[in-house]
$ cat run33.txt   # compact mmCIF, C-alpha atoms
# COMPACT_ATOMS: atom_id res chain seq x y z
CA MET A 933 0.00 0.00 0.00
CA SER A 934 1.36 3.40 -0.90
CA LYS A 935 2.07 6.07 1.62
CA THR A 936 -0.61 8.47 0.31
CA ALA A 937 -3.34 5.80 0.18
CA SER A 938 -3.21 5.28 3.89
CA THR A 939 -3.61 8.95 4.75
CA ARG A 940 -6.99 10.10 5.93
CA GLU A 941 -6.62 13.82 5.18
CA PHE A 942 -9.13 13.65 2.35
CA ARG A 943 -11.86 12.87 4.88
CA LYS A 944 -11.53 16.34 6.37
CA VAL A 945 -12.78 18.04 3.19
CA ASP A 946 -16.35 19.31 3.46
CA VAL A 947 -17.85 18.04 0.20
CA ASP A 948 -21.18 19.75 0.89
CA GLN A 949 -19.63 23.12 0.13
CA PHE A 950 -19.34 22.02 -3.51
CA ASN A 951 -22.99 21.01 -3.80
CA GLU A 952 -24.77 22.77 -6.69
CA ASP A 953 -27.66 23.75 -4.42
CA ASN A 954 -25.30 25.63 -2.12
CA PHE A 955 -23.42 27.37 -4.92
CA GLN A 956 -23.76 31.16 -4.98
CA ASP A 957 -22.62 33.26 -7.90
CA GLU A 958 -20.39 36.18 -6.97
CA THR A 959 -22.56 38.59 -8.94
CA ALA A 960 -25.81 37.41 -7.37
CA ALA A 961 -25.61 40.15 -4.75
CA GLU A 962 -25.54 42.87 -7.41
CA GLU A 963 -29.15 43.53 -8.33
CA SER A 964 -29.55 45.51 -11.51
CA GLN A 965 -32.50 47.74 -12.25
CA GLY A 966 -31.99 47.38 -15.97
CA PRO A 967 -31.56 50.12 -18.56
CA ASN A 968 -33.19 53.51 -18.34
CA GLU A 969 -36.28 53.12 -20.52
CA THR A 970 -36.89 56.83 -21.00
CA GLU A 971 -33.32 57.33 -22.20
CA VAL A 972 -33.70 54.43 -24.64
CA ASN A 973 -37.04 55.75 -25.92
CA ASN A 974 -35.60 59.27 -26.32
CA SER A 975 -32.73 57.85 -28.39
CA LEU A 976 -35.17 55.90 -30.52
CA GLN A 977 -37.37 58.95 -31.11
CA SER A 978 -34.35 60.96 -32.21
CA LYS A 979 -33.47 58.13 -34.64
CA ASN A 980 -30.21 57.40 -32.79
CA ASN A 981 -30.63 53.62 -32.80
CA THR A 982 -27.00 52.82 -32.06
CA GLN A 983 -27.07 54.91 -28.90
CA ALA A 984 -30.34 53.25 -27.88
CA LEU A 985 -28.72 49.85 -28.36
CA LYS A 986 -25.72 50.79 -26.24
CA THR A 987 -28.01 52.21 -23.56
CA VAL A 988 -30.17 49.11 -23.41
CA LEU A 989 -27.04 46.95 -23.00
CA GLN A 990 -25.49 49.11 -20.26
CA ASN A 991 -27.14 47.56 -17.19
CA PRO A 992 -27.58 43.86 -17.90
CA VAL A 993 -30.22 41.99 -15.93
CA ALA A 994 -28.58 38.57 -16.25
CA SER A 995 -27.84 38.35 -12.52
CA CYS A 996 -31.28 39.63 -11.55
CA ARG A 997 -33.79 37.15 -10.14
CA ASN A 998 -36.86 39.22 -11.03
CA PRO A 999 -38.55 37.59 -14.07
CA GLU A 1000 -40.82 40.61 -14.69
CA LEU A 1001 -37.79 42.89 -15.00
CA LYS A 1002 -36.07 40.43 -17.34
CA THR A 1003 -39.18 40.23 -19.53
CA ARG A 1004 -39.57 44.02 -19.63
CA VAL A 1005 -35.93 44.51 -20.65
CA PHE A 1006 -36.19 41.69 -23.21
CA LYS A 1007 -39.15 43.37 -24.88
CA LEU A 1008 -37.27 46.67 -24.90
CA VAL A 1009 -34.25 45.04 -26.55
CA MET A 1010 -36.48 43.40 -29.17
CA LYS A 1011 -38.06 46.79 -29.85
CA VAL A 1012 -34.63 48.38 -30.35
CA LEU A 1013 -33.40 45.57 -32.61
CA SER A 1014 -36.52 45.69 -34.77
CA LEU A 1015 -36.14 49.43 -35.43
CA PHE A 1016 -32.72 49.08 -37.06
CA LYS A 1017 -32.48 49.14 -40.84
CA SER A 1018 -30.59 46.19 -42.27
CA SER A 1019 -27.86 48.51 -43.56
CA GLU A 1020 -27.26 49.91 -40.05
CA VAL A 1021 -26.84 46.57 -38.27
CA GLU A 1022 -23.21 45.95 -39.23
CA THR A 1023 -22.00 49.38 -38.08
CA ALA A 1024 -23.97 49.03 -34.83
CA VAL A 1025 -22.41 45.64 -34.09
CA ALA A 1026 -18.95 46.98 -34.92
CA SER A 1027 -19.38 49.67 -32.27
CA LEU A 1028 -20.06 47.12 -29.49
CA SER A 1029 -17.50 45.69 -27.09
CA ALA A 1030 -16.97 41.92 -26.76
CA VAL A 1031 -19.08 41.81 -23.57
CA GLU A 1032 -21.89 43.70 -25.26
CA VAL A 1033 -21.74 41.34 -28.27
CA ASP A 1034 -22.13 38.35 -25.94
CA LEU A 1035 -24.99 40.01 -24.08
CA LEU A 1036 -26.77 40.89 -27.31
CA MET A 1037 -26.26 37.32 -28.53
CA LYS A 1038 -28.06 36.15 -25.36
CA TYR A 1039 -31.02 38.35 -26.25
CA VAL A 1040 -31.00 37.06 -29.84
CA TYR A 1041 -31.17 33.46 -28.63
CA ARG A 1042 -33.95 34.31 -26.20
CA GLY A 1043 -35.74 36.01 -29.08
CA PHE A 1044 -35.49 32.78 -31.08
CA ALA A 1045 -36.92 30.86 -28.11
CA GLU A 1046 -39.70 33.36 -27.36
CA PRO A 1047 -40.59 35.33 -30.50
CA THR A 1048 -42.46 38.53 -29.63
CA SER A 1049 -44.02 38.89 -33.08
CA ASP A 1050 -44.24 37.08 -36.40
CA ASN A 1051 -41.68 39.22 -38.20
CA ILE A 1052 -38.97 39.20 -35.50
CA CYS A 1053 -37.21 35.98 -36.59
CA PRO A 1054 -35.77 37.36 -39.88
CA ILE A 1055 -34.53 40.40 -37.96
CA LEU A 1056 -32.92 38.16 -35.34
CA LEU A 1057 -31.28 36.04 -38.04
CA LEU A 1058 -29.71 39.18 -39.50
CA TRP A 1059 -28.47 40.26 -36.07
CA HIS A 1060 -27.14 36.75 -35.39
CA GLU A 1061 -25.21 36.77 -38.66
CA LYS A 1062 -23.55 40.11 -37.87
CA LEU A 1063 -22.87 39.21 -34.24
CA PHE A 1064 -21.34 35.89 -35.31
CA ALA A 1065 -19.07 37.73 -37.75
CA VAL A 1066 -17.68 39.77 -34.85
CA GLY A 1067 -17.85 37.31 -31.95
CA GLY A 1068 -17.29 34.01 -33.74
CA TYR A 1069 -17.95 30.61 -32.26
CA GLY A 1070 -16.58 31.78 -28.91
CA SER A 1071 -19.50 34.12 -28.43
CA ILE A 1072 -22.00 31.35 -29.11
CA VAL A 1073 -20.26 28.97 -26.72
CA ARG A 1074 -20.08 31.61 -23.97
CA VAL A 1075 -23.78 32.36 -24.35
CA LEU A 1076 -24.89 28.73 -24.35
CA THR A 1077 -22.73 27.73 -21.39
CA ASN A 1078 -23.39 30.77 -19.22
CA ARG A 1079 -25.65 30.05 -16.27
CA GLN A 1080 -27.06 33.57 -16.12
CA THR A 1081 -29.95 34.11 -18.50
CA VAL A 1082 -31.48 37.34 -19.74
$ encode --input "run33.txt" --output "structure tokens"
Amino acid sequence: MSKTASTREFRKVDVDQFNEDNFQDETAAEESQGPNETEVNNSLQSKNNTQALKTVLQNPVASCRNPELKTRVFKLVMKVLSLFKSSEVETAVASLSAVEVDLLMKYVYRGFAEPTSDNICPILLLWHEKLFAVGGYGSIVRVLTNRQTV
């Protein structure tokens, strides 16, 4: 018998601390109130869609546990995405940071799962194409493996 096999130090490890039910995300304590809707609507009324997109992505609600807030922000994001012209999408995506691209990709996938209207899927496919061109497969993998949903 080896020397390390006879040791009983491993029995002193509290395995319950690694239980999934006891796991707490570090960002769970940070509750977000979401984006400022009036600021987003003002940007949309002044036809500044790119600024509205950046504003709606500023305060993500991924760590929030309030489903009503998540739904309200989701509908606001879908409204912003649907108001873009197809020629403006590429420049808007180019102006986003990598974190914002991943966050927007989360909203696109939620939009595929829960379409808000009949004509939203072609718009989301266009956004997905442009986001994929910037973020690549890494963005898709990060979105699908992230535990925090939008």
$ closest_residue --input "run33.txt" --among "A:Phe1044, A:Phe1016, A:Trp1059, A:Tyr1039" --to "A:Ala984" --atoms "all atoms listed in the file"
A:Phe1016
$ residues_around --input "run33.txt" --residues "A:Leu1058" --least-positions-apart "2" --cutoff "12 Å" --atoms "all atoms listed in the file" --output "ChimeraX atom specification"
/A:1013-1014,1016-1022,1025,1037,1040,1052-1056,1060-1065
$ closest_residue --input "run33.txt" --among "A:Val1009, A:Val993, A:Ile1072, A:Asn998" --to "A:Val972" --atoms "only C-alpha atoms"
A:Val1009
$ closest_residue --input "run33.txt" --among "A:Gly1070, A:Asn1051, A:Gln965, A:Lys1007" --to "A:Ser995" --atoms "all atoms listed in the file"
A:Gln965
$ axis_aligned_box --input "run33.txt" --around "stretch 1042-1057 of chain A" --padding-each-side "3 Å" --output "lines of an AutoDock Vina configuration file"
center_x = -37.8
center_y = 35.6
center_z = -33.0
size_x = 19.0
size_y = 15.5
size_z = 19.7
$ atom_distance --input "run33.txt" --atom1 "atom CA of A:Asn973" --atom2 "atom CA of A:Ser1049"
19.6 Å
$ closest_residue --input "run33.txt" --among "A:Ser975, A:Asp948, A:Arg997, A:Arg1074" --to "A:Leu1036" --atoms "only C-alpha atoms"
A:Arg1074
$ atom_distance --input "run33.txt" --atom1 "atom CA of A:Gly966" --atom2 "atom CA of A:Pro992"
6.0 Å
$ residues_around --input "run33.txt" --residues "A:Lys1038" --least-positions-apart "6" --cutoff "9 Å" --atoms "only C-alpha atoms" --output "list in words"
Ile1072, Val1075, Leu1076, Thr1081 and Val1082 of chain A
$ closest_residue --input "run33.txt" --among "A:Leu989, A:Lys979, A:Asp1034, A:Glu971" --to "A:Met1010" --atoms "all atoms listed in the file"
A:Leu989
$ atom_distance --input "run33.txt" --atom1 "atom CA of A:Gly1067" --atom2 "atom CA of A:Ala1024"
13.5 Å
$ closest_residue --input "run33.txt" --among "A:Asn981, A:Ser1071, A:Leu976, A:Lys1002" --to "A:Ser1029" --atoms "all atoms listed in the file"
A:Ser1071
$ build_atoms --input "run33.txt" --residues "stretch 972-983 of chain A" --atoms "all heavy atoms" --output "mmCIF file, in the frame of the given file"
data_model
loop_
_atom_site.group_PDB
_atom_site.id
_atom_site.type_symbol
_atom_site.label_atom_id
_atom_site.label_comp_id
_atom_site.auth_asym_id
_atom_site.auth_seq_id
_atom_site.Cartn_x
_atom_site.Cartn_y
_atom_site.Cartn_z
ATOM 1 N N VAL A 972 -33.660 55.270 -23.432
ATOM 2 C CA VAL A 972 -33.700 54.430 -24.640
ATOM 3 C C VAL A 972 -34.773 54.949 -25.591
ATOM 4 O O VAL A 972 -34.530 55.096 -26.798
ATOM 5 C CB VAL A 972 -33.969 52.953 -24.265
ATOM 6 C CG1 VAL A 972 -34.225 52.113 -25.510
ATOM 7 C CG2 VAL A 972 -32.804 52.380 -23.475
ATOM 8 N N ASN A 973 -35.961 55.248 -25.072
ATOM 9 C CA ASN A 973 -37.040 55.750 -25.920
ATOM 10 C C ASN A 973 -36.713 57.113 -26.527
ATOM 11 O O ASN A 973 -37.062 57.375 -27.681
ATOM 12 C CB ASN A 973 -38.351 55.823 -25.130
ATOM 13 C CG ASN A 973 -38.913 54.443 -24.860
ATOM 14 O OD1 ASN A 973 -38.733 53.515 -25.646
ATOM 15 N ND2 ASN A 973 -39.577 54.293 -23.730
ATOM 16 N N ASN A 974 -36.017 57.969 -25.774
ATOM 17 C CA ASN A 974 -35.600 59.270 -26.320
ATOM 18 C C ASN A 974 -34.612 59.078 -27.467
ATOM 19 O O ASN A 974 -34.675 59.786 -28.474
ATOM 20 C CB ASN A 974 -34.992 60.147 -25.235
ATOM 21 C CG ASN A 974 -36.022 60.649 -24.252
ATOM 22 O OD1 ASN A 974 -37.216 60.663 -24.542
ATOM 23 N ND2 ASN A 974 -35.569 61.051 -23.077
ATOM 24 N N SER A 975 -33.687 58.127 -27.310
ATOM 25 C CA SER A 975 -32.730 57.850 -28.390
ATOM 26 C C SER A 975 -33.428 57.291 -29.614
ATOM 27 O O SER A 975 -33.074 57.629 -30.745
ATOM 28 C CB SER A 975 -31.661 56.857 -27.906
ATOM 29 O OG SER A 975 -30.886 57.413 -26.884
ATOM 30 N N LEU A 976 -34.429 56.464 -29.386
ATOM 31 C CA LEU A 976 -35.170 55.900 -30.520
ATOM 32 C C LEU A 976 -35.990 56.966 -31.237
ATOM 33 O O LEU A 976 -36.085 56.956 -32.466
ATOM 34 C CB LEU A 976 -36.091 54.769 -30.043
ATOM 35 C CG LEU A 976 -35.408 53.480 -29.605
ATOM 36 C CD1 LEU A 976 -36.424 52.501 -29.053
ATOM 37 C CD2 LEU A 976 -34.630 52.860 -30.744
ATOM 38 N N GLN A 977 -36.580 57.890 -30.489
ATOM 39 C CA GLN A 977 -37.370 58.950 -31.110
ATOM 40 C C GLN A 977 -36.501 59.911 -31.904
ATOM 41 O O GLN A 977 -36.946 60.473 -32.901
ATOM 42 C CB GLN A 977 -38.157 59.714 -30.044
ATOM 43 C CG GLN A 977 -39.311 58.919 -29.486
ATOM 44 C CD GLN A 977 -39.997 59.638 -28.338
ATOM 45 O OE1 GLN A 977 -39.534 60.664 -27.869
ATOM 46 N NE2 GLN A 977 -41.107 59.065 -27.881
ATOM 47 N N SER A 978 -35.261 60.093 -31.464
ATOM 48 C CA SER A 978 -34.350 60.960 -32.210
ATOM 49 C C SER A 978 -33.600 60.202 -33.303
ATOM 50 O O SER A 978 -32.636 60.713 -33.863
ATOM 51 C CB SER A 978 -33.370 61.637 -31.249
ATOM 52 O OG SER A 978 -32.533 60.666 -30.659
ATOM 53 N N LYS A 979 -34.028 58.973 -33.583
ATOM 54 C CA LYS A 979 -33.470 58.130 -34.640
ATOM 55 C C LYS A 979 -31.998 57.769 -34.403
ATOM 56 O O LYS A 979 -31.255 57.483 -35.336
ATOM 57 C CB LYS A 979 -33.597 58.792 -36.022
ATOM 58 C CG LYS A 979 -35.009 59.151 -36.404
ATOM 59 C CD LYS A 979 -35.837 57.928 -36.635
ATOM 60 C CE LYS A 979 -37.228 58.355 -37.118
ATOM 61 N NZ LYS A 979 -38.205 57.327 -36.980
ATOM 62 N N ASN A 980 -31.573 57.793 -33.152
ATOM 63 C CA ASN A 980 -30.210 57.400 -32.790
ATOM 64 C C ASN A 980 -30.266 55.970 -32.265
ATOM 65 O O ASN A 980 -30.140 55.716 -31.072
ATOM 66 C CB ASN A 980 -29.641 58.368 -31.748
ATOM 67 C CG ASN A 980 -28.155 58.207 -31.585
ATOM 68 O OD1 ASN A 980 -27.559 57.288 -32.132
ATOM 69 N ND2 ASN A 980 -27.561 59.103 -30.821
ATOM 70 N N ASN A 981 -30.439 55.011 -33.181
ATOM 71 C CA ASN A 981 -30.630 53.620 -32.800
ATOM 72 C C ASN A 981 -29.403 53.001 -32.154
ATOM 73 O O ASN A 981 -29.525 52.188 -31.244
ATOM 74 C CB ASN A 981 -31.044 52.802 -34.026
ATOM 75 C CG ASN A 981 -32.382 53.218 -34.570
ATOM 76 O OD1 ASN A 981 -33.162 53.863 -33.884
ATOM 77 N ND2 ASN A 981 -32.653 52.856 -35.813
ATOM 78 N N THR A 982 -28.218 53.379 -32.625
ATOM 79 C CA THR A 982 -27.000 52.820 -32.060
ATOM 80 C C THR A 982 -26.839 53.224 -30.607
ATOM 81 O O THR A 982 -26.458 52.405 -29.759
ATOM 82 C CB THR A 982 -25.771 53.264 -32.880
ATOM 83 O OG1 THR A 982 -25.992 52.919 -34.251
ATOM 84 C CG2 THR A 982 -24.509 52.590 -32.396
ATOM 85 N N GLN A 983 -27.133 54.465 -30.289
ATOM 86 C CA GLN A 983 -27.070 54.910 -28.900
ATOM 87 C C GLN A 983 -28.125 54.202 -28.055
ATOM 88 O O GLN A 983 -27.866 53.844 -26.906
ATOM 89 C CB GLN A 983 -27.243 56.434 -28.807
ATOM 90 C CG GLN A 983 -27.144 56.977 -27.399
ATOM 91 C CD GLN A 983 -25.807 56.672 -26.754
ATOM 92 O OE1 GLN A 983 -24.767 56.719 -27.390
ATOM 93 N NE2 GLN A 983 -25.834 56.336 -25.475
#
